[in-house]
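Here the structure comes first, spelled out in structure tokens, and everything after it is commentary.
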Protein chains: 2
Amino acid sequence: MSGAEKYKYERIADDVDHLIQCGAFKPGDRIPSVREMSRQRDVSISTVLQAYYLLEARGLILARPRSGFYVRRDLPSDLPEPEISSPAADPTQVSMQELISRVVHTETRRPDLIQLGVAHPNPSLAATQELNRTMASVARRMGDAGGLYDYPPGCEKLRIQIAKRSLTAGCSLAPDDIIITSGCSEAVSFCLRAACQPGDTVAIESPICFDTLRCLDVLDLKALEIPTHPREGISLDALRFAIEHNQVSACLTISNFNNPLGSCIPDEKKRELVALLTEHEIPLIENDIFGELYFGDSRPSVAKAYDREGLVMLCSSFSKSLCPAYRVGWVVPGRYHSAVEWLKYTSSLAAPTLSEYAIAEFMSGGGYDPYLRRTRRSYERNVAAMSQAVRRFFPEGGSTQSPTKLTRPSGGFVLWVELPESVDSLVLYKRALEAGIAITPGYLFSATDQYRNFIRLNAANWSDDAEKAVERLGRHIARMA
Amino acid sequence: MSGAEKYKYERIADDVDHLIQCGAFKPGDRIPSVREMSRQRDVSISTVLQAYYLLEARGLILARPRSGFYVRRDLPSDLPEPEISSPAADPTQVSMQELISRVVHTETRRPDLIQLGVAHPNPSLAATQELNRTMASVARRMGDAGGLYDYPPGCEKLRIQIAKRSLTAGCSLAPDDIIITSGCSEAVSFCLRAACQPGDTVAIESPICFDTLRCLDVLDLKALEIPTHPREGISLDALRFAIEHNQVSACLTISNFNNPLGSCIPDEKKRELVALLTEHEIPLIENDIFGELYFGDSRPSVAKAYDREGLVMLCSSFSKSLCPAYRVGWVVPGRYHSAVEWLKYTSSLAAPTLSEYAIAEFMSGGGYDPYLRRTRRSYERNVAAMSQAVRRFFPEGGSTQSPTKLTRPSGGFVLWVELPESVDSLVLYKRALEAGIAITPGYLFSATDQYRNFIRLNAANWSDDAEKAVERLGRHIARMA
């Protein structure tokens with residue numbers, strides 16, 4: 001056999017070996033037939049057979065007469081024994097990127113944890129099942145037309161529904177003002193790219209959700225953190241001072257129910273905010289992702305409602321109010337419309353057609369408002385219950401010790417808790433995990449390590465177990481305080 | 001009535017007026033009830049009534065007793081009369097952005113046109129209906145679990161399917177090598193952002209699909225266009241020269257069935273390409289979106305198969321081979337894995353869950369290969385038939401005139417046609433549109449105006465009408481030649 005021939009069959013054997021080792025082919029799976037593999041890799045039948053014999057010799061596959069080659073169910077255990085455990089280093093040494101990955105990634109997929117961490121809506125409160133039924137029906141009806149996507153600005157039916165709904169937020173957007181995006185993150189990212197150059201400074205509410213901070217970081221933008229009132233949002237005095245003493249290229253707020261604060265900028269203050277920024281020709285990137293989840297009688301307006309110069313870029317999505325998995329958001333970029341549309345076109349082209357149509361149909365079918373009313377009530381109840389539990393179980397403070405402080409959100413589903421100063425939220429995060437509880441450490445909500453003794457708690461999934469978890473957290477905190 | 005009160009009701013009236021004028025509320029639609037509006041806008045019932053009376057006075061809405069307010073079916077026609085037509089200026093003066101928007105946007109949604117332009121797959125050949133049935137079934141089955149998304153790298157089930165399939169392209173990717181993206185555009189965009197800084201130079205095959213050029217432009221990257229053989233892809237000699245005389249940060253090829261050339265880099269040449277780039281530590285961004293649509297006996301390999309240093313970043317999607325509307329692509333970023341994963345996380349978070357699961361299930365269910373076999377045969381037939389028609393109807397050239405030249409693609413579904421030198425493809429594009437035919441002018445495939453007398457034709461939707469369209473095009477070209 002020539003060297004080239006030997007190389008070929010070993011190469012095929014190694015490739016299949018790799019796919020078995022990494023679990024792509026599982027015990028009992030049929031691997032491609034000799035004929036298929038010969039055609040796929042453009043080699044002779046005998047080369048493939050050589051490869052498969054080699055895999056048999058390695059104890060990885062076996063032949064079943066007249067059926068083919070299968071991955072053995074008794075794969076040789078060449079996995080090494082676990083080594084002596086080496087616990088993670090001091091958690092404060094974890095890089096921000098690694099920490100975020102851990103928080104959002106590993107822990108959200110661990111059903112064994114009580115989830116008080118990542119700010120996902122409650123899966124059983126989300127409209128997933130209703131929406132999926134609509135999706136199934138749309139998928140069956142659309143035929144070949146469902147195969148193509150709508151280029152930016154995206155599905156008109158959906159933009160009409162969003163435009164109609166803008167009335168409730170004090171606007172009267174036209175469908176053509178709106179561009180559909182892959183969720184609110186993409187909308188915010190496009191606005192930052194349209195309004196800023198690398199190296200620019202963006203004034204932001206502080207604390208603010210870490211997705212925003214990471215997005216600024218990746219785009220090489222500087223965050224200028226502005227003091228923010230726990231109920232009334234960004235401080236206009238501080239913002240004015242910041243603008244007058246810095247070259248600020250954009251301002252970013254979560255006007256309604258800031259994540260994690262739950263603050264909501266009052267309407268009159270929104271008007272002043274827009275006036276202040278307009279005076280300095282600074283665009284406002286407004287994230288309204290929680291806007292529909294208000295506890296009061298009416299939806300708070302958006303700052304966009306007071307925008308006469310096209311300087312407010314309104315970003316939102318259905319991820320908190322309806323269902324995260326559909327990945328449908330939108331942006332109203334004002335005077336940056338054509339820049340943002342072009343970014344969408346060159347970055348990810350289009351939103352998934354069926355998701356767009358399913359949501360449009362769900363909204364026009366009249367189910368959205370009753371659903372939202374139910375959901376708001378549930379979140380309001382859950383936030384109240386969790387607040388109650390925090391008051392009951394977290395340290396009240398004393399002569400030598402600062403008390404626990406707690407936000408009073410008027411919408412959304414997260415709480416922001418200031419712990420006694422001696423409590424390091426990363427240490428608490430780690431101890432909580434060991435106790436089966438996921439929380440989000442305050443470190444993640446600032447670019448400048450402002451909130452080391454804060455944690456964010458998600459009240460969306462309130463339950464008896466969650467209550468017990470808050471009690472256990474309280475005991476850990478008391479010991480650390 | 002106070003001034004503030006007057007302001008409020010006029011504001012509401014203007015907002016609803018706007019929504020009627022822009023078509024969000026259509027004739028016959030019910031507008032929000034007085035009570036709803038009062039709650040939504042946090043104003044008194046009488047303020048809303050004032051607003052609605054004003055809208056009645058403007059002739060826009062009417063009240064129906066015990067039912068509500070409706071948009072009039074006989075809206076006042078205050079639309080201005082059309083003005084004297086002003087035909088578009090010389091088409092060569094259209095900006096590239098505007099031209100692309102026209103080509104891809106306006107024309108794809110015009111069912112009156114014969115579509116030989118945008119490189120979409122044939123909607124009735126695409127697996128849309130089969131896939132939508134799978135989607136409907138997945139949507140019904142997933143329950144609340146379908147409401148959350150998988151953080152990057154994305155749905156594991158789907159990554160396993162993609163990993164298994166990589167065998168046919170000469171690789172043995174592990175599921176963990178793969179990151180799911182919103183289509184191939186996003187994958188390419190992330191690779192460019194991970195490997196390059198603004199101002200950097202990227203060596204690309206020329207001609208190349210305009211999406212790539214626009215993406216480079218938006219990211220402030222320079223395109224260095226490398227001569228490309230119509231059957232064998234990028235010229236290695238030219239690439240070597242370019243690398244040795246320029247600071248090249250990345251190279252980008254559509255290795256299998258370049259769009260628009262249809263060229264396919266032979267396996268041995270792919271190996272040399274990777275060796276050349278590895279020697280200079282230059283990453284290769286490989287777009288393999290057409291790779292499954294080969295006409296020969298076996299799938300061509302990808303350059304990634306020869307990558308030992310993690311320098312090849314393989315990008316692909318299901319948009320050409322399965323269905324564009326699902327917006328699911330992937331990237332295998334090699335040593336840039338963590339940078340690309342982080343870009344996905346901070347840019348658009350996740351792909352739509354149901355799309356991911358539906359495709360994974362379609363692939364594991366065994367329907368994908370039979371579907372691909374049918375589709376490849378259809379495209380091969382359509383490309384042959386269109387080539388035949390071009391040969392028959394386009395000018396052959398003569399003593400004073402250069403002949404039509406035509407690519408011989410061995411996969412994909414587009415043809416690249418060089419017309420007699422005197423033919424300006426933008427003028428032809430305009431005349432073709434007037435004659436009801438969409439084509440893509442060659443201008444769009446170069447950053448340096450290389451291809452003014454070229455056009456791209458999409459053979460995917462071949463039909464009798466398409467044949468007549470090619471005949472008509474031929475007559476226009478003959479007149480312009």
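Please note that chains go A, B, ... in the order of the structure tokens, that every chain numbers its residues from 1, and that ligands are numbered from 1 in the order shown.
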| message | Show me, as a ChimeraX atom specification, every residue of chain A with an atom at most 7 Å from chain B, counting only C-alpha atoms. | response | /A:15-16,18-19,22,24,39-42,105,123-124,128-129,132-133,135-137,139-140,143-144,146-149,151,160,163-164,168,170-172,174-175,182-183,185-186,189,211,214-215,297-299,323-327,346-348,351-353
| said: Would you pick out the contacts of Gly59 (chain B) at 7 Å or less, using only C-alpha atoms, so that residues sharing its chain but fewer than 2 positions from it are not included, and give the list as a PyMOL selection string? | reply: chain B and resi 55-57+61+75-76
| Any idea what's packed within 10 Å of Arg373 (chain A), counting only C-alpha atoms, ignoring anything in its chain fewer than 5 positions away? Could you give it as a PyMOL selection string? | chain A and resi 292-295+368+378
File dump, residues just selected, all heavy atoms, as a PDB file, in the first residue's frame:
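Output (selection01.pdb):
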```pdb
ATOM      1  N   GLU A 292     -43.307  46.999  29.107  1.00  0.00           N
ATOM      2  CA  GLU A 292     -44.675  46.462  29.183  1.00  0.00           C
ATOM      3  C   GLU A 292     -44.975  45.848  30.556  1.00  0.00           C
ATOM      4  O   GLU A 292     -46.125  45.556  30.870  1.00  0.00           O
ATOM      5  CB  GLU A 292     -44.899  45.390  28.118  1.00  0.00           C
ATOM      6  CG  GLU A 292     -44.937  45.900  26.684  1.00  0.00           C
ATOM      7  CD  GLU A 292     -46.247  46.604  26.336  1.00  0.00           C
ATOM      8  OE1 GLU A 292     -47.105  46.785  27.225  1.00  0.00           O
ATOM      9  OE2 GLU A 292     -46.406  46.983  25.164  1.00  0.00           O
ATOM     10  N   LEU A 293     -43.939  45.637  31.368  1.00  0.00           N
ATOM     11  CA  LEU A 293     -44.147  44.912  32.629  1.00  0.00           C
ATOM     12  C   LEU A 293     -44.293  45.872  33.808  1.00  0.00           C
ATOM     13  O   LEU A 293     -43.610  45.751  34.821  1.00  0.00           O
ATOM     14  CB  LEU A 293     -42.996  43.922  32.856  1.00  0.00           C
ATOM     15  CG  LEU A 293     -42.832  42.863  31.756  1.00  0.00           C
ATOM     16  CD1 LEU A 293     -41.673  41.930  32.051  1.00  0.00           C
ATOM     17  CD2 LEU A 293     -44.120  42.066  31.573  1.00  0.00           C
ATOM     18  N   TYR A 294     -45.231  46.841  33.682  1.00  0.00           N
ATOM     19  CA  TYR A 294     -45.446  47.823  34.747  1.00  0.00           C
ATOM     20  C   TYR A 294     -46.448  47.282  35.750  1.00  0.00           C
ATOM     21  O   TYR A 294     -47.305  46.466  35.421  1.00  0.00           O
ATOM     22  CB  TYR A 294     -45.959  49.142  34.144  1.00  0.00           C
ATOM     23  CG  TYR A 294     -47.166  48.988  33.259  1.00  0.00           C
ATOM     24  CD1 TYR A 294     -48.459  48.997  33.797  1.00  0.00           C
ATOM     25  CD2 TYR A 294     -47.039  48.828  31.888  1.00  0.00           C
ATOM     26  CE1 TYR A 294     -49.570  48.842  32.996  1.00  0.00           C
ATOM     27  CE2 TYR A 294     -48.154  48.660  31.075  1.00  0.00           C
ATOM     28  CZ  TYR A 294     -49.415  48.681  31.634  1.00  0.00           C
ATOM     29  OH  TYR A 294     -50.521  48.513  30.843  1.00  0.00           O
ATOM     30  N   PHE A 295     -46.312  47.740  37.001  1.00  0.00           N
ATOM     31  CA  PHE A 295     -47.252  47.302  38.043  1.00  0.00           C
ATOM     32  C   PHE A 295     -48.379  48.309  38.232  1.00  0.00           C
ATOM     33  O   PHE A 295     -49.395  48.000  38.864  1.00  0.00           O
ATOM     34  CB  PHE A 295     -46.536  47.130  39.387  1.00  0.00           C
ATOM     35  CG  PHE A 295     -45.412  46.121  39.365  1.00  0.00           C
ATOM     36  CD1 PHE A 295     -44.396  46.165  40.310  1.00  0.00           C
ATOM     37  CD2 PHE A 295     -45.383  45.108  38.400  1.00  0.00           C
ATOM     38  CE1 PHE A 295     -43.363  45.229  40.295  1.00  0.00           C
ATOM     39  CE2 PHE A 295     -44.354  44.176  38.377  1.00  0.00           C
ATOM     40  CZ  PHE A 295     -43.339  44.242  39.332  1.00  0.00           C
ATOM     41  N   TYR A 368     -52.539  39.282  23.226  1.00  0.00           N
ATOM     42  CA  TYR A 368     -51.370  39.864  23.873  1.00  0.00           C
ATOM     43  C   TYR A 368     -51.746  40.621  25.143  1.00  0.00           C
ATOM     44  O   TYR A 368     -51.112  40.450  26.193  1.00  0.00           O
ATOM     45  CB  TYR A 368     -50.648  40.772  22.882  1.00  0.00           C
ATOM     46  CG  TYR A 368     -49.250  41.193  23.278  1.00  0.00           C
ATOM     47  CD1 TYR A 368     -48.415  40.354  23.988  1.00  0.00           C
ATOM     48  CD2 TYR A 368     -48.760  42.434  22.895  1.00  0.00           C
ATOM     49  CE1 TYR A 368     -47.128  40.747  24.327  1.00  0.00           C
ATOM     50  CE2 TYR A 368     -47.464  42.830  23.226  1.00  0.00           C
ATOM     51  CZ  TYR A 368     -46.656  41.990  23.948  1.00  0.00           C
ATOM     52  OH  TYR A 368     -45.379  42.386  24.278  1.00  0.00           O
ATOM     53  N   SER A 378     -48.751  38.685  38.037  1.00  0.00           N
ATOM     54  CA  SER A 378     -47.900  37.641  38.631  1.00  0.00           C
ATOM     55  C   SER A 378     -46.552  38.205  39.045  1.00  0.00           C
ATOM     56  O   SER A 378     -46.056  37.921  40.139  1.00  0.00           O
ATOM     57  CB  SER A 378     -47.666  36.508  37.625  1.00  0.00           C
ATOM     58  OG  SER A 378     -48.888  35.943  37.245  1.00  0.00           O
TER      59      SER A 378
END
```
| query | If you run DSSP on this backbone, which residues of region 334-465 of chain B come out as strand (DSSP E or B), and could you give them as a PyMOL selection string? | reply | chain B and resi 405-406+411+414-418+437-438+440-441+454-458
Got time to write the residues from that selection, N, CA, C and O atoms, as a JSON list (two decimals), in the first residue's frame?
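As a result, selection-v8.json now contains:
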```json
[["chain", "number", "residue", "atom", "x", "y", "z"],
["B", 405, "LYS", "N", -19.11, 35.81, -22.68],
["B", 405, "LYS", "CA", -18.38, 34.73, -22.00],
["B", 405, "LYS", "C", -19.21, 34.26, -20.81],
["B", 405, "LYS", "O", -19.90, 35.06, -20.18],
["B", 406, "LEU", "N", -19.08, 32.98, -20.49],
["B", 406, "LEU", "CA", -19.99, 32.38, -19.53],
["B", 406, "LEU", "C", -19.24, 31.40, -18.64],
["B", 406, "LEU", "O", -18.41, 30.62, -19.13],
["B", 411, "GLY", "N", -21.33, 23.66, -9.31],
["B", 411, "GLY", "CA", -22.22, 23.62, -8.15],
["B", 411, "GLY", "C", -22.88, 24.97, -7.97],
["B", 411, "GLY", "O", -22.55, 25.93, -8.67],
["B", 414, "VAL", "N", -25.78, 29.96, -9.65],
["B", 414, "VAL", "CA", -25.67, 31.23, -10.36],
["B", 414, "VAL", "C", -24.67, 31.14, -11.52],
["B", 414, "VAL", "O", -23.75, 30.34, -11.52],
["B", 415, "LEU", "N", -24.92, 31.99, -12.52],
["B", 415, "LEU", "CA", -24.02, 32.13, -13.66],
["B", 415, "LEU", "C", -23.47, 33.55, -13.68],
["B", 415, "LEU", "O", -24.15, 34.49, -13.29],
["B", 416, "TRP", "N", -22.25, 33.66, -14.16],
["B", 416, "TRP", "CA", -21.57, 34.96, -14.25],
["B", 416, "TRP", "C", -21.27, 35.19, -15.73],
["B", 416, "TRP", "O", -20.62, 34.36, -16.35],
["B", 417, "VAL", "N", -21.80, 36.26, -16.27],
["B", 417, "VAL", "CA", -21.75, 36.45, -17.71],
["B", 417, "VAL", "C", -20.97, 37.72, -18.04],
["B", 417, "VAL", "O", -21.30, 38.80, -17.54],
["B", 418, "GLU", "N", -19.95, 37.58, -18.88],
["B", 418, "GLU", "CA", -19.24, 38.76, -19.37],
["B", 418, "GLU", "C", -19.88, 39.16, -20.69],
["B", 418, "GLU", "O", -19.96, 38.36, -21.63],
["B", 437, "ILE", "N", -37.79, 42.12, -15.86],
["B", 437, "ILE", "CA", -36.78, 41.10, -15.54],
["B", 437, "ILE", "C", -35.78, 41.65, -14.52],
["B", 437, "ILE", "O", -35.26, 42.75, -14.71],
["B", 438, "ALA", "N", -35.53, 40.90, -13.44],
["B", 438, "ALA", "CA", -34.53, 41.32, -12.45],
["B", 438, "ALA", "C", -33.23, 40.57, -12.70],
["B", 438, "ALA", "O", -33.21, 39.34, -12.79],
["B", 440, "THR", "N", -28.67, 41.00, -11.74],
["B", 440, "THR", "CA", -27.76, 41.73, -10.84],
["B", 440, "THR", "C", -26.60, 42.29, -11.65],
["B", 440, "THR", "O", -25.86, 41.53, -12.28],
["B", 441, "PRO", "N", -26.44, 43.63, -11.63],
["B", 441, "PRO", "CA", -25.35, 44.23, -12.40],
["B", 441, "PRO", "C", -23.99, 43.92, -11.80],
["B", 441, "PRO", "O", -23.84, 43.84, -10.58],
["B", 454, "PHE", "N", -20.40, 43.01, -16.79],
["B", 454, "PHE", "CA", -20.77, 41.65, -16.35],
["B", 454, "PHE", "C", -22.15, 41.68, -15.70],
["B", 454, "PHE", "O", -22.57, 42.71, -15.17],
["B", 455, "ILE", "N", -22.83, 40.56, -15.74],
["B", 455, "ILE", "CA", -24.05, 40.40, -14.93],
["B", 455, "ILE", "C", -24.03, 39.03, -14.27],
["B", 455, "ILE", "O", -23.39, 38.10, -14.74],
["B", 456, "ARG", "N", -24.74, 38.95, -13.13],
["B", 456, "ARG", "CA", -24.96, 37.65, -12.53],
["B", 456, "ARG", "C", -26.39, 37.24, -12.79],
["B", 456, "ARG", "O", -27.32, 38.06, -12.64],
["B", 457, "LEU", "N", -26.57, 35.97, -13.19],
["B", 457, "LEU", "CA", -27.92, 35.45, -13.41],
["B", 457, "LEU", "C", -28.16, 34.29, -12.44],
["B", 457, "LEU", "O", -27.30, 33.41, -12.29],
["B", 458, "ASN", "N", -29.30, 34.29, -11.80],
["B", 458, "ASN", "CA", -29.66, 33.19, -10.90],
["B", 458, "ASN", "C", -30.48, 32.18, -11.69],
["B", 458, "ASN", "O", -31.56, 32.50, -12.20]]
```
| task | Just the helix (DSSP H, G or I) stuff from region 28-216 of chain A, please, per backbone DSSP, written as an MDAnalysis selection string. | result | chainID A and resid 34:41 45:57 91:93 96:109 128:147 156:169 175:177 183:195 210:216
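For Ile180 (chain A), the list of residues within 6 Å, based on only C-alpha atoms and with local chain neighbours fewer than 5 positions off taken out, reads Pro153, Gly154, Gly329 and Trp330 of chain A.
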Selected residues, all heavy atoms, written as a tab-separated table (two decimals), in the first residue's frame, please.
```tsv
chain	number	residue	atom	x	y	z
A	153	PRO	N	-36.19	46.75	6.45
A	153	PRO	CA	-36.47	46.81	7.90
A	153	PRO	C	-37.21	45.60	8.46
A	153	PRO	O	-37.51	45.62	9.65
A	153	PRO	CB	-37.31	48.06	8.03
A	153	PRO	CG	-38.04	48.17	6.73
A	153	PRO	CD	-37.08	47.66	5.69
A	154	GLY	N	-37.52	44.56	7.70
A	154	GLY	CA	-38.18	43.38	8.26
A	154	GLY	C	-39.69	43.36	8.05
A	154	GLY	O	-40.26	44.30	7.50
A	329	GLY	N	-36.56	41.46	18.13
A	329	GLY	CA	-36.57	42.77	18.76
A	329	GLY	C	-36.77	43.83	17.70
A	329	GLY	O	-37.03	43.51	16.54
A	330	TRP	N	-36.68	45.09	18.10
A	330	TRP	CA	-36.80	46.15	17.11
A	330	TRP	C	-36.11	47.41	17.59
A	330	TRP	O	-35.77	47.54	18.78
A	330	TRP	CB	-38.26	46.44	16.77
A	330	TRP	CG	-39.06	47.08	17.87
A	330	TRP	CD1	-39.24	48.41	18.08
A	330	TRP	CD2	-39.80	46.40	18.89
A	330	TRP	NE1	-40.04	48.60	19.18
A	330	TRP	CE2	-40.40	47.39	19.69
A	330	TRP	CE3	-40.01	45.06	19.21
A	330	TRP	CZ2	-41.19	47.09	20.80
A	330	TRP	CZ3	-40.79	44.75	20.31
A	330	TRP	CH2	-41.37	45.75	21.09
```
| said: So the first atom is CA of His229 (chain B) and the second is CA of Ala384 (chain B); what is the distance between them in Å, to one decimal place? | reply: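 Taking CA of His229 (chain B) and CA of Ala384 (chain B), their separation equals 20.0 Å.
Each of A:Glu281, A:Glu471, A:Glu380, A:Glu356 was compared to Ala435 (chain A) using only C-alpha atoms, and A:Glu471 turns out to be the nearest.
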| task | Give me, please, the distance in Å between CA of Phe290 (chain B) and CA of Thr278 (chain B), quoted to one decimal. | result |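 Those two atoms sit 24.4 Å apart.
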| query | In Å, how far is it from CA of Ala51 (chain B) to CA of Asp369 (chain A)? | reply |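 For CA of Ala51 (chain B) relative to CA of Asp369 (chain A), the distance reads 23.1 Å.
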| request: Write out as a list in words each polymer residue whose atoms come within 12 Å of His476 (chain A), counting only C-alpha atoms; drop sequence neighbours fewer than 3 positions from it. | output: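 Within the cut-off, the hits are Phe393, Phe394, Pro395, Leu419, Pro420, Val423, Asp424, Ser425, Val427, Leu428, Tyr429, Lys430, Arg431, Ala432, Leu433, Glu434, Ala435, Ile437, Ala469, Val470, Glu471, Arg472, Leu473, Arg479, Met480 and Ala481 of chain A.
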| Of the candidates A:Ala13, A:Ala466, A:Ala447, A:Ser410, which shows the shortest atom-to-atom distance to Ile204 (chain A), using only C-alpha atoms? |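 Checking each of A:Ala13, A:Ala466, A:Ala447, A:Ser410 against Ile204 (chain A), counting only C-alpha atoms, the winner is A:Ala447.
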| field | Within 8 Å of Pro283 (chain B) using only C-alpha atoms, minus same-chain residues under 3 positions, as a list in words | value | Ala195, Ser249, Ala250, Cys251, Leu277, Thr278, Leu311, Val312 and Met313 of chain B
Produce a file of the selected residues containing N, CA, C and O atoms, as a PDB file, in the first residue's frame.
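New file again_38.pdb:
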```
ATOM      1  N   ALA B 195     -10.704  38.834  13.679  1.00  0.00           N
ATOM      2  CA  ALA B 195      -9.353  38.708  13.110  1.00  0.00           C
ATOM      3  C   ALA B 195      -8.739  40.044  12.704  1.00  0.00           C
ATOM      4  O   ALA B 195      -7.532  40.129  12.517  1.00  0.00           O
ATOM      5  N   SER B 249      -4.362  41.184   6.775  1.00  0.00           N
ATOM      6  CA  SER B 249      -4.769  40.672   8.087  1.00  0.00           C
ATOM      7  C   SER B 249      -5.601  39.406   8.014  1.00  0.00           C
ATOM      8  O   SER B 249      -5.695  38.666   8.986  1.00  0.00           O
ATOM      9  N   ALA B 250      -6.252  39.192   6.869  1.00  0.00           N
ATOM     10  CA  ALA B 250      -7.054  37.984   6.703  1.00  0.00           C
ATOM     11  C   ALA B 250      -7.277  37.773   5.220  1.00  0.00           C
ATOM     12  O   ALA B 250      -7.118  38.697   4.410  1.00  0.00           O
ATOM     13  N   CYS B 251      -7.634  36.528   4.887  1.00  0.00           N
ATOM     14  CA  CYS B 251      -7.994  36.220   3.506  1.00  0.00           C
ATOM     15  C   CYS B 251      -9.399  35.630   3.538  1.00  0.00           C
ATOM     16  O   CYS B 251      -9.771  34.948   4.498  1.00  0.00           O
ATOM     17  N   LEU B 277      -1.072  30.485   3.712  1.00  0.00           N
ATOM     18  CA  LEU B 277      -1.561  31.445   4.706  1.00  0.00           C
ATOM     19  C   LEU B 277      -0.985  31.132   6.091  1.00  0.00           C
ATOM     20  O   LEU B 277      -0.629  32.033   6.845  1.00  0.00           O
ATOM     21  N   THR B 278      -0.874  29.839   6.401  1.00  0.00           N
ATOM     22  CA  THR B 278      -0.337  29.449   7.707  1.00  0.00           C
ATOM     23  C   THR B 278       1.108  29.923   7.852  1.00  0.00           C
ATOM     24  O   THR B 278       1.513  30.415   8.910  1.00  0.00           O
ATOM     25  N   LEU B 311      -6.203  28.144  12.040  1.00  0.00           N
ATOM     26  CA  LEU B 311      -6.204  29.449  11.375  1.00  0.00           C
ATOM     27  C   LEU B 311      -7.337  29.589  10.363  1.00  0.00           C
ATOM     28  O   LEU B 311      -7.555  30.668   9.816  1.00  0.00           O
ATOM     29  N   VAL B 312      -8.023  28.483  10.060  1.00  0.00           N
ATOM     30  CA  VAL B 312      -9.146  28.594   9.126  1.00  0.00           C
ATOM     31  C   VAL B 312     -10.435  28.772   9.921  1.00  0.00           C
ATOM     32  O   VAL B 312     -10.702  28.018  10.865  1.00  0.00           O
ATOM     33  N   MET B 313     -11.217  29.791   9.553  1.00  0.00           N
ATOM     34  CA  MET B 313     -12.494  30.068  10.203  1.00  0.00           C
ATOM     35  C   MET B 313     -13.588  29.713   9.193  1.00  0.00           C
ATOM     36  O   MET B 313     -13.821  30.447   8.234  1.00  0.00           O
TER      37      MET B 313
END
```
